[in-house]
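Trainee: Provided herewith is a single structure, encoded as structure tokens, for subsequent inquiry.
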Amino acid sequence: ESIQTNTELSVSEQRQVGNDNTSLVWQENGARNDGVVNQEGNDNDATVYQMDVSDSVANIDQQGDMQVASVTQEGAEHSADIRSNGLQNEAYIDQSGSLQTASIFQDGTANSADIFQAGDSNTASTEQTGNNNYAIVDQDGSMMTASLQQNGQFNEAYVTQEGTDQLIDFAQDGSDNLLTANQSGNGNELTGSSYGDNNRVDVMQGGDLNVADIQQIYGSDNEVSLTQDGQDNMATVLQGGVGNQAMLMQSGMGDSAIVSQMGSGNMATVTQQ
């Protein structure tokens, strides 16, 4: 099904191979809009909404069975791309504002990803390989960038960003890893990765120009909890082994902390105000 009203140079292309696949592309007021759906398999569902939009592109490609993908875009010059391969994967992108782009790539079984963006010039991408991985990116502001990669099974990532010019780039590889990251303010950055099983990373950065890099390398049951408020604070955490813990809290201006843990059962607490 395709519904187009008051469109200019809009393209809606739907290709389905298999049984019981459904798709809906709805494009309203705007110009140069594209809505392309390609589904191969059985019981897949795809939806593309583009309302008062201009120069928007939404692509959905699903290969496999019982997958769900949905894109909703309002505003100007959005771009969305969803590609899922496997079984029972779900992907949702909801964008409003202008000049935003988002992409979700999934390969495996029962993975789920959500991207919500409001404002302008925000970018988000999620890539998941494996089974039962779950990721949420929620951004509201301007010039936000979020990039998540998850490989394995039962990994979870929850990212929330508010403010201006924030960056999150994080990867998880293994099983049962958890990332929770909340950034508010301006110009804060979080980078890092977790390799192993049952690792936990909880980050909350407020203020301006705070930078955190967290690396959990080939271990399990490691935990990091990081809170940075203020301005120009920097923290680096490196963990390898089993059952290590590190808690950092920095507030004020210009604080710097480096924690390196190798082995098992180590604990570190750093508080600077």
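Quick note on naming: the chains in the structure tokens go A, B, ... in the order shown, residues restart at 1 in each chain, and ligands are numbered from 1 in order of appearance.
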Per DSSP on the backbone, what are the strand (DSSP E) residues of segment 42-257 of chain A, as a VMD selection string?
Mentor: chain A and resid 42 45 to 50 53 to 54 57 to 65 68 to 76 79 to 87 90 to 98 101 to 109 112 to 120 123 to 131 134 to 142 145 to 153 156 to 164 167 to 175 178 to 183 189 to 197 200 to 205 211 to 220 223 to 228 234 to 242 245 to 250 256 to 257
Trainee: Would you mind listing what lies within 9 Å of segment 183-195 of chain A as a ChimeraX atom specification, with only C-alpha atoms counted and same-chain residues fewer than 3 positions away left out?
Mentor: /A:159-175,177-179,199-201,203-220,232
Trainee: Please dump the current selection as a compact mmCIF listing (two decimals), in the first residue's frame; keep C-alpha atoms.
Mentor:
# COMPACT_ATOMS: atom_id res chain seq x y z
CA VAL A 159 21.59 6.05 25.61
CA THR A 160 20.02 9.43 26.36
CA GLN A 161 21.51 12.74 25.26
CA GLU A 162 20.29 16.30 25.77
CA GLY A 163 21.94 19.60 25.03
CA THR A 164 24.35 20.45 22.24
CA ASP A 165 27.24 18.73 20.50
CA GLN A 166 27.30 15.51 22.53
CA LEU A 167 29.06 12.31 21.40
CA ILE A 168 28.69 8.65 22.37
CA ASP A 169 30.57 5.89 20.57
CA PHE A 170 30.44 2.53 22.34
CA ALA A 171 30.74 -1.16 21.45
CA GLN A 172 29.75 -4.30 23.37
CA ASP A 173 30.89 -7.80 22.45
CA GLY A 174 29.90 -10.89 24.42
CA SER A 175 26.79 -11.67 26.40
CA ASN A 177 26.64 -6.69 28.93
CA LEU A 178 24.85 -3.49 29.93
CA LEU A 179 25.50 0.14 29.00
CA ASN A 199 30.07 -6.27 32.29
CA ARG A 200 28.31 -3.10 33.46
CA VAL A 201 28.92 0.52 32.47
CA VAL A 203 27.74 6.86 32.83
CA MET A 204 26.14 10.19 33.66
CA GLN A 205 27.87 13.32 32.44
CA GLY A 206 26.49 16.79 33.02
CA GLY A 207 28.11 20.12 32.44
CA ASP A 208 30.37 21.00 29.53
CA LEU A 209 33.30 19.46 27.70
CA ASN A 210 33.67 16.39 29.91
CA VAL A 211 35.42 13.40 28.30
CA ALA A 212 35.25 9.75 29.36
CA ASP A 213 36.89 6.69 27.81
CA ILE A 214 36.02 3.27 29.23
CA GLN A 215 37.61 0.04 28.05
CA GLN A 216 36.61 -3.35 29.46
CA ILE A 217 38.79 -5.90 27.69
CA TYR A 218 38.12 -9.62 27.64
CA GLY A 219 36.82 -10.11 31.12
CA SER A 220 33.59 -10.66 32.99
CA ASP A 232 36.68 19.99 31.25
Trainee: Report as a list in words all protein, DNA and RNA residues lying within 8 Å of segment 102-106 of chain A, evaluated on only C-alpha atoms, omitting residues in the same chain fewer than 4 positions from it.
Mentor: Ser79, Ala80, Asp81, Ile82, Arg83, Ser84, Asn85, Asn89, Ala91, Ile93, Asn111, Ala113, Ile115, Thr123, Ala124, Ser125, Thr126, Glu127, Gln128 and Thr129 of chain A
Trainee: Do a neighbour search on segment 23-35 of chain A at 12 Å with only C-alpha atoms, toss out local chain neighbours closer than 4 positions, and write the hits as a PyMOL selection string.
Mentor: chain A and resi 1-17+39-40+43-62+67-82
Trainee: With only C-alpha atoms as the atoms that count, which of A:Gln261, A:Thr109, A:Gln150, A:Asn38 lies nearest to Asp65 of chain A?
Mentor: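 Looking only at the distances to Asp65 of chain A, the closest residue turns out to be A:Thr109.
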Trainee: Quick one: of A:Met249, A:Val242, A:Met234, A:Ala135, who's nearest to Phe154 of chain A, counting only C-alpha atoms?
Mentor: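 For Phe154 of chain A, the nearest of the given residues is A:Ala135.
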Trainee: From the set A:Ser264, A:Ser96, A:Ser251, A:Val270, which residue has the shortest atom-to-atom contact distance to Val237 of chain A, counting only C-alpha atoms?
Mentor: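 Comparing A:Ser264, A:Ser96, A:Ser251, A:Val270 against Val237 of chain A, the winner is A:Val270.
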Trainee: If we count only C-alpha atoms and set the cut-off at 6 Å, which residues sit around Gln250 of chain A, ignoring sequence neighbours fewer than 4 positions away in its own chain? Please answer as a PyMOL selection string.
Mentor: chain A and resi 228+271-273
Trainee: Can I get the selected residues back with all heavy atoms, as an mmCIF file, in the first residue's frame?
Mentor:
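Below you can see result.cif, which holds the result:
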data_model
loop_
_atom_site.group_PDB
_atom_site.id
_atom_site.type_symbol
_atom_site.label_atom_id
_atom_site.label_comp_id
_atom_site.auth_asym_id
_atom_site.auth_seq_id
_atom_site.Cartn_x
_atom_site.Cartn_y
_atom_site.Cartn_z
ATOM 1 N N GLN A 228 30.333 12.731 35.984
ATOM 2 C CA GLN A 228 31.155 13.932 35.821
ATOM 3 C C GLN A 228 30.251 15.137 35.649
ATOM 4 O O GLN A 228 29.446 15.209 34.737
ATOM 5 C CB GLN A 228 32.072 13.804 34.598
ATOM 6 C CG GLN A 228 33.176 12.775 34.763
ATOM 7 C CD GLN A 228 34.139 12.745 33.589
ATOM 8 O OE1 GLN A 228 33.735 12.864 32.444
ATOM 9 N NE2 GLN A 228 35.419 12.563 33.872
ATOM 10 N N THR A 271 37.040 10.221 44.005
ATOM 11 C CA THR A 271 36.083 11.327 44.153
ATOM 12 C C THR A 271 36.868 12.618 44.153
ATOM 13 O O THR A 271 37.742 12.832 44.991
ATOM 14 C CB THR A 271 35.278 11.197 45.452
ATOM 15 O OG1 THR A 271 34.566 9.943 45.437
ATOM 16 C CG2 THR A 271 34.291 12.340 45.587
ATOM 17 N N GLN A 272 36.547 13.510 43.234
ATOM 18 C CA GLN A 272 37.217 14.812 43.169
ATOM 19 C C GLN A 272 36.155 15.905 43.045
ATOM 20 O O GLN A 272 35.293 15.829 42.184
ATOM 21 C CB GLN A 272 38.164 14.866 41.955
ATOM 22 C CG GLN A 272 39.333 13.894 42.058
ATOM 23 C CD GLN A 272 40.224 13.935 40.829
ATOM 24 O OE1 GLN A 272 39.752 14.161 39.718
ATOM 25 N NE2 GLN A 272 41.512 13.697 41.014
ATOM 26 N N GLN A 273 36.243 16.888 43.890
ATOM 27 C CA GLN A 273 35.289 17.999 43.823
ATOM 28 C C GLN A 273 36.001 19.325 43.904
ATOM 29 O O GLN A 273 37.077 19.431 44.465
ATOM 30 C CB GLN A 273 34.275 17.863 44.996
ATOM 31 C CG GLN A 273 33.405 16.638 44.880
ATOM 32 C CD GLN A 273 32.370 16.567 45.978
ATOM 33 O OE1 GLN A 273 32.335 17.402 46.873
ATOM 34 N NE2 GLN A 273 31.508 15.561 45.910
#
Trainee: Mind pulling up the distance from atom CA of Glu90 of chain A to atom CA of Asp221 of chain A?
Mentor: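 Calculated distance between atom CA of Asp221 of chain A and atom CA of Glu90 of chain A is 28.2 Å.
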Trainee: So how many Å separate atom CA of Asn122 of chain A and atom CA of Gln88 of chain A, to one decimal?
Mentor: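 Answer for the atom CA of Asn122 of chain A to atom CA of Gln88 of chain A separation: 28.2 Å.
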